[in-house]
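Asker: Okay, handing you the structure first.
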Amino acid sequence: MKTRYLVMLLGLLLQMAIVDSVRADFNLTGSQHLDVDSAHASGTLNESSTALVMLGGSITHAYINDTSVLTVDHDTTITTISTASCFNYATLNVYNSEVNTNNLYNNSQANVYGGHVRYASVQEFSTFSMFGGNASFITGYGNSNVNLAAGAVASLTVRHDSIATLSGAATTSLYAYDNSQLEISGGSLTNLHSYGLSNIAFHGRGFEASGGLSIVDNEVFGTGILSGTWVNGTPFSINVEANDATSTIIVPEPATMTLLGVGLAGLVARRNRRRRLQSK
């Protein structure tokens with residue numbers, strides 16, 4: 001009997017220890033600040049509040065609102081934030097850590113300097129920028145912006161009038177749809193899929209096409225290998241796996257861009273005017 005009660009007591013103490021190890025939810029307002037150094041099931045930041053996730057800290061569900069800022073800054077391979085959702089101009093900064101899912105809405109932003117983001121959903125005029133670290137899947141919707149200056153990305157999908165700028169990251173697969181616009185000027189890209197009125201501009205020189213791909217008047221047709229050098233002299237080679245007839249891939253040399261004095265939008269408009277004239 002004593003043994004049974006002892007086991008029950010030990011079980012109760014263990015449950016109390018587990019409950020105590022996960023702190024109560026926190027809700028910050030105004031200019032409040034919290035150093036997160038323990039496990040939290042949920043955390044909410046409002047107005048101009050800030051929070052710093054430190055070594056030993058984690059948040060299962062983080063809600064970042066208004067102009068608040070959540071920063072994750074410690075080195076670990078354990079998931080520090082399961083889901084981080086940003087709303088209304090809020091900011092998430094990731095320096096070193098694991099973020100499972102990052103949702104961005106309504107002009108919010110995320111800046112990744114290190115660590116790993118498994119999935120990022122960028123929507124409603126929000127911005128996701130990478131200056132280091134790596135991401136498994138990034139999807140931009142609804143006039144969002146994705147900037148890849150450094151780091152590594154396994155898959156990037158851009159939809160619904162969104163804009164992506166690739167200037168230095170290593171990207172494995174890129175999928176463009178629905179009037180999206182992409183400017184690619186550096187880094188590496190392995191596979192490109194272009195569909196549904198998407199517009200893609202490569203900024204470099206010495207462009208060459210092979211394996212069924214062709215370049216006519218600075219426009220890329222068909223599928224195959226596109227190679228050349230970026231403006232800084234770094235060589236690149238990209239497998240264009242899909243190139244829908246309604247999409248546009250252009251490869252203007254720097255001199256052409258300077259002569260015309262226009263960017264991607266101007267070149268696409270020029271291309272569309274030429275096609276309309278040819279169809280008459």
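By order in the structure tokens, chains are A, B, ...; within a chain, residues start at 1; ligands start at 1, following the order shown.
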Using only C-alpha atoms, which protein or nucleic acid residues come within 10 Å of range 75-89 of chain A? Drop anything in the same chain fewer than 5 positions from it, and give the result as a count of residues only.

Answerer: 56

Asker: Please, which residues of range 21-255 of chain A, numbered as in this document, come out strand (DSSP E) from DSSP, as a PyMOL selection string?

Answerer: chain A and resi 22-23+26-28+33-36+39-45+50-53+58-64+69-73+79-86+91-96+98-104+109-112+116-122+127-140+145-158+163-166+170-176+181-184+188-194+199-202+204-210+214-216+219-221+224-230+235-243+248-250

Asker: Provide the CA of Ser198 in chain A to CA of Val231 in chain A distance in Å, to one decimal place.

Answerer: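 Separating CA of Ser198 in chain A from CA of Val231 in chain A is a distance of 23.1 Å.
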
Asker: Can you pull out the residues contacting Asn191 in chain A? Cut-off 8 Å, using only C-alpha atoms, and skip same-chain residues under 5 positions away; I want them as a ChimeraX atom specification.

Answerer: /A:172-174,238-241

Asker: Report as JSON, numbers by chain all protein, DNA and RNA residues lying within 10 Å of Gly196 in chain A, evaluated on only C-alpha atoms, omitting residues in the same chain fewer than 2 positions from it.

Answerer: {"A": [159, 160, 176, 177, 178, 179, 180, 194, 198, 199, 243, 244, 245, 246, 247, 248]}

Asker: Go ahead and write the selection's residues with N, CA and C atoms as an mmCIF file, in the first residue's frame.

Answerer:
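After the write, out.cif holds the following:
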data_model
loop_
_atom_site.group_PDB
_atom_site.id
_atom_site.type_symbol
_atom_site.label_atom_id
_atom_site.label_comp_id
_atom_site.auth_asym_id
_atom_site.auth_seq_id
_atom_site.Cartn_x
_atom_site.Cartn_y
_atom_site.Cartn_z
ATOM 1 N N ARG A 159 3.232 33.983 -56.352
ATOM 2 C CA ARG A 159 1.908 34.010 -56.971
ATOM 3 C C ARG A 159 1.239 35.381 -56.817
ATOM 4 N N HIS A 160 0.176 35.579 -57.586
ATOM 5 C CA HIS A 160 -0.792 36.662 -57.370
ATOM 6 C C HIS A 160 -0.142 38.036 -57.234
ATOM 7 N N ALA A 176 6.994 30.366 -60.630
ATOM 8 C CA ALA A 176 6.381 31.676 -60.801
ATOM 9 C C ALA A 176 5.023 31.536 -61.479
ATOM 10 N N TYR A 177 3.997 32.205 -60.911
ATOM 11 C CA TYR A 177 2.633 32.142 -61.429
ATOM 12 C C TYR A 177 1.973 33.530 -61.368
ATOM 13 N N ASP A 178 0.843 33.682 -62.044
ATOM 14 C CA ASP A 178 -0.181 34.703 -61.782
ATOM 15 C C ASP A 178 0.353 36.138 -61.729
ATOM 16 N N ASN A 179 0.933 36.610 -62.817
ATOM 17 C CA ASN A 179 1.385 38.002 -62.888
ATOM 18 C C ASN A 179 2.477 38.356 -61.884
ATOM 19 N N SER A 180 3.153 37.374 -61.364
ATOM 20 C CA SER A 180 4.265 37.664 -60.465
ATOM 21 C C SER A 180 5.429 38.256 -61.252
ATOM 22 N N SER A 194 8.174 28.561 -64.991
ATOM 23 C CA SER A 194 7.491 29.829 -65.242
ATOM 24 C C SER A 194 6.129 29.569 -65.875
ATOM 25 N N SER A 198 3.518 35.153 -65.645
ATOM 26 C CA SER A 198 4.630 35.599 -64.801
ATOM 27 C C SER A 198 5.680 36.295 -65.658
ATOM 28 N N ASN A 199 6.447 37.198 -65.046
ATOM 29 C CA ASN A 199 7.465 37.976 -65.735
ATOM 30 C C ASN A 199 8.789 37.857 -64.982
ATOM 31 N N ASN A 243 8.297 26.686 -69.171
ATOM 32 C CA ASN A 243 8.252 28.063 -69.680
ATOM 33 C C ASN A 243 6.950 28.222 -70.462
ATOM 34 N N ASP A 244 5.883 28.533 -69.735
ATOM 35 C CA ASP A 244 4.561 28.640 -70.337
ATOM 36 C C ASP A 244 4.534 29.742 -71.394
ATOM 37 N N ALA A 245 3.710 29.540 -72.426
ATOM 38 C CA ALA A 245 3.628 30.513 -73.518
ATOM 39 C C ALA A 245 3.120 31.869 -73.043
ATOM 40 N N THR A 246 2.379 31.907 -71.919
ATOM 41 C CA THR A 246 1.848 33.171 -71.419
ATOM 42 C C THR A 246 2.822 33.892 -70.491
ATOM 43 N N SER A 247 3.896 33.246 -70.122
ATOM 44 C CA SER A 247 4.884 33.871 -69.242
ATOM 45 C C SER A 247 5.967 34.562 -70.067
ATOM 46 N N THR A 248 6.771 35.361 -69.402
ATOM 47 C CA THR A 248 7.835 36.101 -70.084
ATOM 48 C C THR A 248 9.144 35.952 -69.315
#

Asker: If you measure from CA of Val112 in chain A to CA of Thr50 in chain A, what distance in Å do you get, rounded to one decimal?

Answerer: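 Straight-line distance from CA of Val112 in chain A to CA of Thr50 in chain A works out to 17.1 Å.
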
Asker: Between CA of Asn218 in chain A and CA of Leu182 in chain A, what is the spacing in Å?

Answerer: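 One can read the CA of Leu182 in chain A to CA of Asn218 in chain A distance as 15.9 Å.
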
Asker: With only C-alpha atoms as the counted atoms, please give the residues lying no more than 8 Å from Ile163 in chain A, apart from itself and same-chain residues fewer than 4 positions off, as a list in words.

Answerer: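 My reading of the contact set: Gly140, Asn143, Ser144, Asn145, Val146, Val158, Ser180, Gln181 and Leu182 of chain A.
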
Asker: Counting only C-alpha atoms, figure out which residue out of A:Thr190, A:Ser167, A:Ser210, A:Ser38 gets nearest to Asn232 in chain A.

Answerer: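 Among A:Thr190, A:Ser167, A:Ser210, A:Ser38, it is A:Ser167 that comes nearest to Asn232 in chain A.
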